[in-house]
Amino acid sequence: MYTQALNSRDDTPAAIRPAEELELEARFQARVDAEERIEANDWMPAAYRKTLVRQISQHAHSEIIGMLPEGNWITRAPSLRRKAALLAKVQDECGHGLYLYAAAETLGVSREELTEQLLTGRAKYSSIFNYPTMSWADIGAIGWLVDGAAIMNQIPLCRCSYGPYARAMIRVCKEESFHQRQGYEIMLTLCRGSEEQKAMAQDALNRWWWPCLMMFGPPDAASQHSDQSTKWKIKRFSNDELRQKFVDATVPQAQYLGLTLPDPDLRFVPDEDGDGTTGHWAYGEIDWDEFKQVIAGNGPCNRDRLAARNKAHAEGEWVREAAMAHAAKRRARQQAA
Amino acid sequence: MATNTIRVNESPLVLYCLRRADDALVMGHRLSEWCGRGPALEEEMALANMGLDLLGQARSLYTYAAEVEAAGNDEDRYAYLRDARQYRNLLLAEQPNGDFARTILRQFFYAAFADPYWRAMMKSSDPTLAAIAAKSEKESAYHLRHTAEWVIRLGDGTEESHRRAAEAVAHLWPYTGEMFEADAAEQELIAAGVVMDPASFRAEWDKTVSEILAEATLEKPAPGWMQKGGRTGLHSEHLGHMLAEMQVLQRTYPDATW
């Protein structure tokens, strides 16, 4: 469901590049500035390609890993309607993953290569999926908050300069917004239910709120790059801008549910005269140490998530081999005939 | 903790609907257990697709059972508030997923029956069942095609996949006979033209299975002892665990709305 700003850079200084390349780069930048879409066969700077491969593949990995926390509740969904909706949602995520791997492949990497990076722990995925889903309300909270945060981040990506990624995002966003409404509806049902159900919803919100704010990546002040991605029109808003949009959109939704956001410092920001409102909500300090720990592999579920993917991959190996072997036999028979 | 198990007045038509709905729910649930564990992303999608189709069939059939029973039950009460002894599904359906070969063979054996069965059921004198059949038939046709393709790939793939597929055939074979059984309650509906006699699909099932197993270079087991009991609520030990997991929220918080 999600791509996260993890902020590393890989651009080579201009000084060591030949004039011809600088010329191509200027033309490329002019196209980007003119809001033209860059397509797979177009010339692009190596660093642009590399940045996109990293971002798109991290996004794809996030979709695939993201299937696990929600998949955890499919077999325990409390009604047949919820069970079918959740299975369909997780299936959508798998589809997004496939779609994004295909978008990454247009840049010259293979899905196998990217999968290998994920399984060996070299590739990153969104930190949010390293938290456990402990109750049914977590399924509501993920849909409402995690998919809500994903949409904030992904809507601008629909205008990303790289055509295949932008187009993938259009479809993905449509499905995500459906998921988000579904999640909110789960929360609403719980909040209108018994005291126990409402407590379940509040507990889920308490646990997911801060990790959701971390999904937008480090604060702008601590951000290493972003400039280059912005110049390339891969990124259109800064991490903090997107985070603020998310908070502003979410606070009234929580109020409507009758839930309390777990932030004592949360307050409405008045305009300068004090006679109106800015529409913004100021929020408290985010625990960036926790974020760093989760990114470094020390979240509550990092090990479980990777182990689950590795197990599925290892247990499926004989199946993939069989499919290849059978296809080869077929080809041989056709040639012999 | 409240035990809120319901009682069902199983008239022949209600019983019929519950049996077919339970088949679909139990297999749909089994397929959903594959989520995040599939051998390839494409196959995750396909298993989920089949699971969703079966869940949809179950919901339609439960809803119709509730209408016929008219006792205030609904799809969720049937699914979540009956115990294993009240479940009426085939033993085949509840067999654990095992490896991919086991799951594929289970679904293949069932789809080879369900596809012609639902096609014929489109002619049921009961318009609701005929409509459910029309939808189920389209889905079953895909399930049959997809699983048959995999049976062939696995059987005629590598040495390991052949061995695993052969083991799956041998393990599941004794559970295939129950599909063709009809008790007195179902005979009543057959005589009235409401449902088709499952026994009449045996020849077609046999032909499909023989052809696909042959193409897969897998041996078809000789006729032998067949297990049964699911239709009257006599299940394997596996079903209780499945229901314990599936029903946990409904059982823990009786009468809550989700």
# chains A, B, ... in the order shown; residues from 1 in each chain; ligands from 1
$ residues_around --residues "Trp318 of chain A" --least-positions-apart "3" --cutoff "9 Å" --atoms "only C-alpha atoms" --output "list in words"
Ala314, Glu315, Glu321, Ala322 and Ala323 of chain A; Pro39, Thr158, Glu160 and Ser161 of chain B
$ write_last_selection --atoms "N, CA and C atoms" --output "PDB file, in the first residue's frame"
ATOM      1  N   ALA A 314      10.485 -20.113   0.140  1.00  0.00           N
ATOM      2  CA  ALA A 314      11.181 -21.407   0.165  1.00  0.00           C
ATOM      3  C   ALA A 314      10.197 -22.556  -0.091  1.00  0.00           C
ATOM      4  N   GLU A 315       9.032 -22.477   0.541  1.00  0.00           N
ATOM      5  CA  GLU A 315       8.057 -23.564   0.370  1.00  0.00           C
ATOM      6  C   GLU A 315       7.435 -23.576  -1.027  1.00  0.00           C
ATOM      7  N   GLU A 321       9.520 -24.368  -9.665  1.00  0.00           N
ATOM      8  CA  GLU A 321      10.371 -25.257 -10.473  1.00  0.00           C
ATOM      9  C   GLU A 321       9.529 -26.191 -11.343  1.00  0.00           C
ATOM     10  N   ALA A 322       8.456 -26.714 -10.740  1.00  0.00           N
ATOM     11  CA  ALA A 322       7.590 -27.635 -11.488  1.00  0.00           C
ATOM     12  C   ALA A 322       6.970 -26.930 -12.689  1.00  0.00           C
ATOM     13  N   ALA A 323       6.532 -25.687 -12.464  1.00  0.00           N
ATOM     14  CA  ALA A 323       5.899 -24.940 -13.554  1.00  0.00           C
ATOM     15  C   ALA A 323       6.900 -24.708 -14.693  1.00  0.00           C
TER      16      ALA A 323
ATOM     17  N   PRO B  39       2.922 -19.781  -3.418  1.00  0.00           N
ATOM     18  CA  PRO B  39       4.219 -20.038  -4.050  1.00  0.00           C
ATOM     19  C   PRO B  39       4.653 -18.929  -5.012  1.00  0.00           C
ATOM     20  N   THR B 158       8.471 -31.713 -12.115  1.00  0.00           N
ATOM     21  CA  THR B 158       9.723 -32.305 -11.652  1.00  0.00           C
ATOM     22  C   THR B 158       9.420 -33.602 -10.900  1.00  0.00           C
ATOM     23  N   GLU B 160      10.055 -34.128  -7.814  1.00  0.00           N
ATOM     24  CA  GLU B 160       9.477 -33.766  -6.517  1.00  0.00           C
ATOM     25  C   GLU B 160       8.003 -33.393  -6.639  1.00  0.00           C
ATOM     26  N   SER B 161       7.681 -32.600  -7.653  1.00  0.00           N
ATOM     27  CA  SER B 161       6.282 -32.168  -7.776  1.00  0.00           C
ATOM     28  C   SER B 161       5.397 -33.364  -8.115  1.00  0.00           C
TER      29      SER B 161
END
$ interface_residues --of "chain A" --to "chain B" --cutoff "8 Å" --atoms "only C-alpha atoms" --output "number ranges by chain"
A: 64, 67-68, 71, 74-80, 84, 87-88, 90-91, 94-95, 98, 186, 189-190, 193-194, 308-309, 311-313, 315-327
$ atom_distance --atom1 "atom CA of Ala60 of chain A" --atom2 "atom CA of Asp42 of chain A"
22.8 Å
$ closest_residue --among "B:Arg7, B:Lys220, B:Lys138, B:Arg20" --to "Arg85 of chain B" --atoms "only C-alpha atoms"
B:Arg7
$ closest_residue --among "B:Ser11, B:Thr252, B:Ser136, B:Ser210" --to "Ala120 of chain B" --atoms "only C-alpha atoms"
B:Ser136
$ residues_around --residues "Ala149 of chain A" --least-positions-apart "2" --cutoff "9 Å" --atoms "only C-alpha atoms" --output "list in words"
Tyr2, Trp144, Leu145, Val146, Asp147, Ile151, Met152, Asn153, Gln154, Cys212, Leu213, Met215, Phe216, Leu242, Arg243 and Phe246 of chain A
$ residues_around --residues "Cys301 of chain A" --least-positions-apart "4" --cutoff "8 Å" --atoms "only C-alpha atoms" --output "ChimeraX atom specification"
/A:129-132,305
$ atom_distance --atom1 "atom CA of Ser238 of chain A" --atom2 "atom CA of Ala40 of chain A"
26.0 Å
$ residues_around --residues "segment 221-224 of chain B" --least-positions-apart "3" --cutoff "12 Å" --atoms "only C-alpha atoms" --output "MDAnalysis selection string"
chainID B and resid 166:177 206 209:210 213:214 218 227
$ closest_residue --among "A:Gln117, A:Ser57, A:Asn206, A:Asn302" --to "Ala102 of chain A" --atoms "only C-alpha atoms"
A:Ser57
$ select_by_dssp --residues "segment 72-279 of chain A" --states "strand (DSSP E or B)" --output "JSON, numbers by chain"
{"A": [162, 267, 268, 269, 270, 277, 278, 279]}
$ write_last_selection --atoms "N, CA and C atoms" --output "short mmCIF file (atom, residue, chain, number, x, y, z; two decimals), in the first residue's frame"
data_model
loop_
_atom_site.label_atom_id
_atom_site.label_comp_id
_atom_site.auth_asym_id
_atom_site.auth_seq_id
_atom_site.Cartn_x
_atom_site.Cartn_y
_atom_site.Cartn_z
N TYR A 162 7.60 9.98 -13.90
CA TYR A 162 7.80 8.71 -14.59
C TYR A 162 6.44 8.07 -14.93
N ARG A 267 -3.57 20.36 19.21
CA ARG A 267 -4.44 21.54 19.39
C ARG A 267 -4.69 22.23 18.06
N PHE A 268 -5.83 22.88 18.01
CA PHE A 268 -6.24 23.60 16.82
C PHE A 268 -5.38 24.84 16.68
N VAL A 269 -4.97 25.16 15.46
CA VAL A 269 -4.11 26.34 15.26
C VAL A 269 -4.99 27.51 14.81
N PRO A 270 -5.08 28.55 15.64
CA PRO A 270 -5.89 29.70 15.22
C PRO A 270 -5.14 30.53 14.18
N THR A 277 -9.78 30.37 11.92
CA THR A 277 -8.94 29.19 12.07
C THR A 277 -8.15 28.94 10.80
N THR A 278 -7.02 28.30 10.97
CA THR A 278 -6.18 27.97 9.83
C THR A 278 -6.59 26.63 9.23
N GLY A 279 -7.38 25.88 9.96
CA GLY A 279 -7.73 24.53 9.52
C GLY A 279 -6.64 23.51 9.85
#
$ select_by_dssp --residues "segment 3-244 of chain A" --states "helix (DSSP H, G or I)" --output "PyMOL selection string"
chain A and resi 14-16+19-33+46-71+74-76+80-105+111-119+127-130+136-154+156-159+163-191+195-214+220-222+227-231+239-244
$ residues_around --residues "Glu237 of chain B" --least-positions-apart "4" --cutoff "10 Å" --atoms "only C-alpha atoms" --output "JSON list (two decimals) with C-alpha atoms, in the first residue's frame"
[["chain", "number", "residue", "atom", "x", "y", "z"],
["B", 84, "ALA", "CA", -18.73, -28.84, 14.24],
["B", 94, "GLU", "CA", -12.28, -29.56, 5.47],
["B", 95, "GLN", "CA", -9.04, -31.36, 4.63],
["B", 241, "HIS", "CA", -9.92, -26.22, 14.96],
["B", 242, "MET", "CA", -10.98, -24.36, 11.89]]
$ closest_residue --among "A:Thr260, A:Ser161, A:Ser135, A:Thr120" --to "Ala307 of chain A" --atoms "only C-alpha atoms"
A:Thr120
$ residues_around --residues "Pro264 of chain A" --least-positions-apart "6" --cutoff "12 Å" --atoms "only C-alpha atoms" --output "PyMOL selection string"
chain A and resi 206+282-285
$ atom_distance --atom1 "atom CA of Ile38 of chain A" --atom2 "atom CA of Arg171 of chain A"
18.5 Å
$ closest_residue --among "A:Met214, A:Ala123, A:Leu205, A:Leu118" --to "Lys292 of chain A" --atoms "only C-alpha atoms"
A:Met214
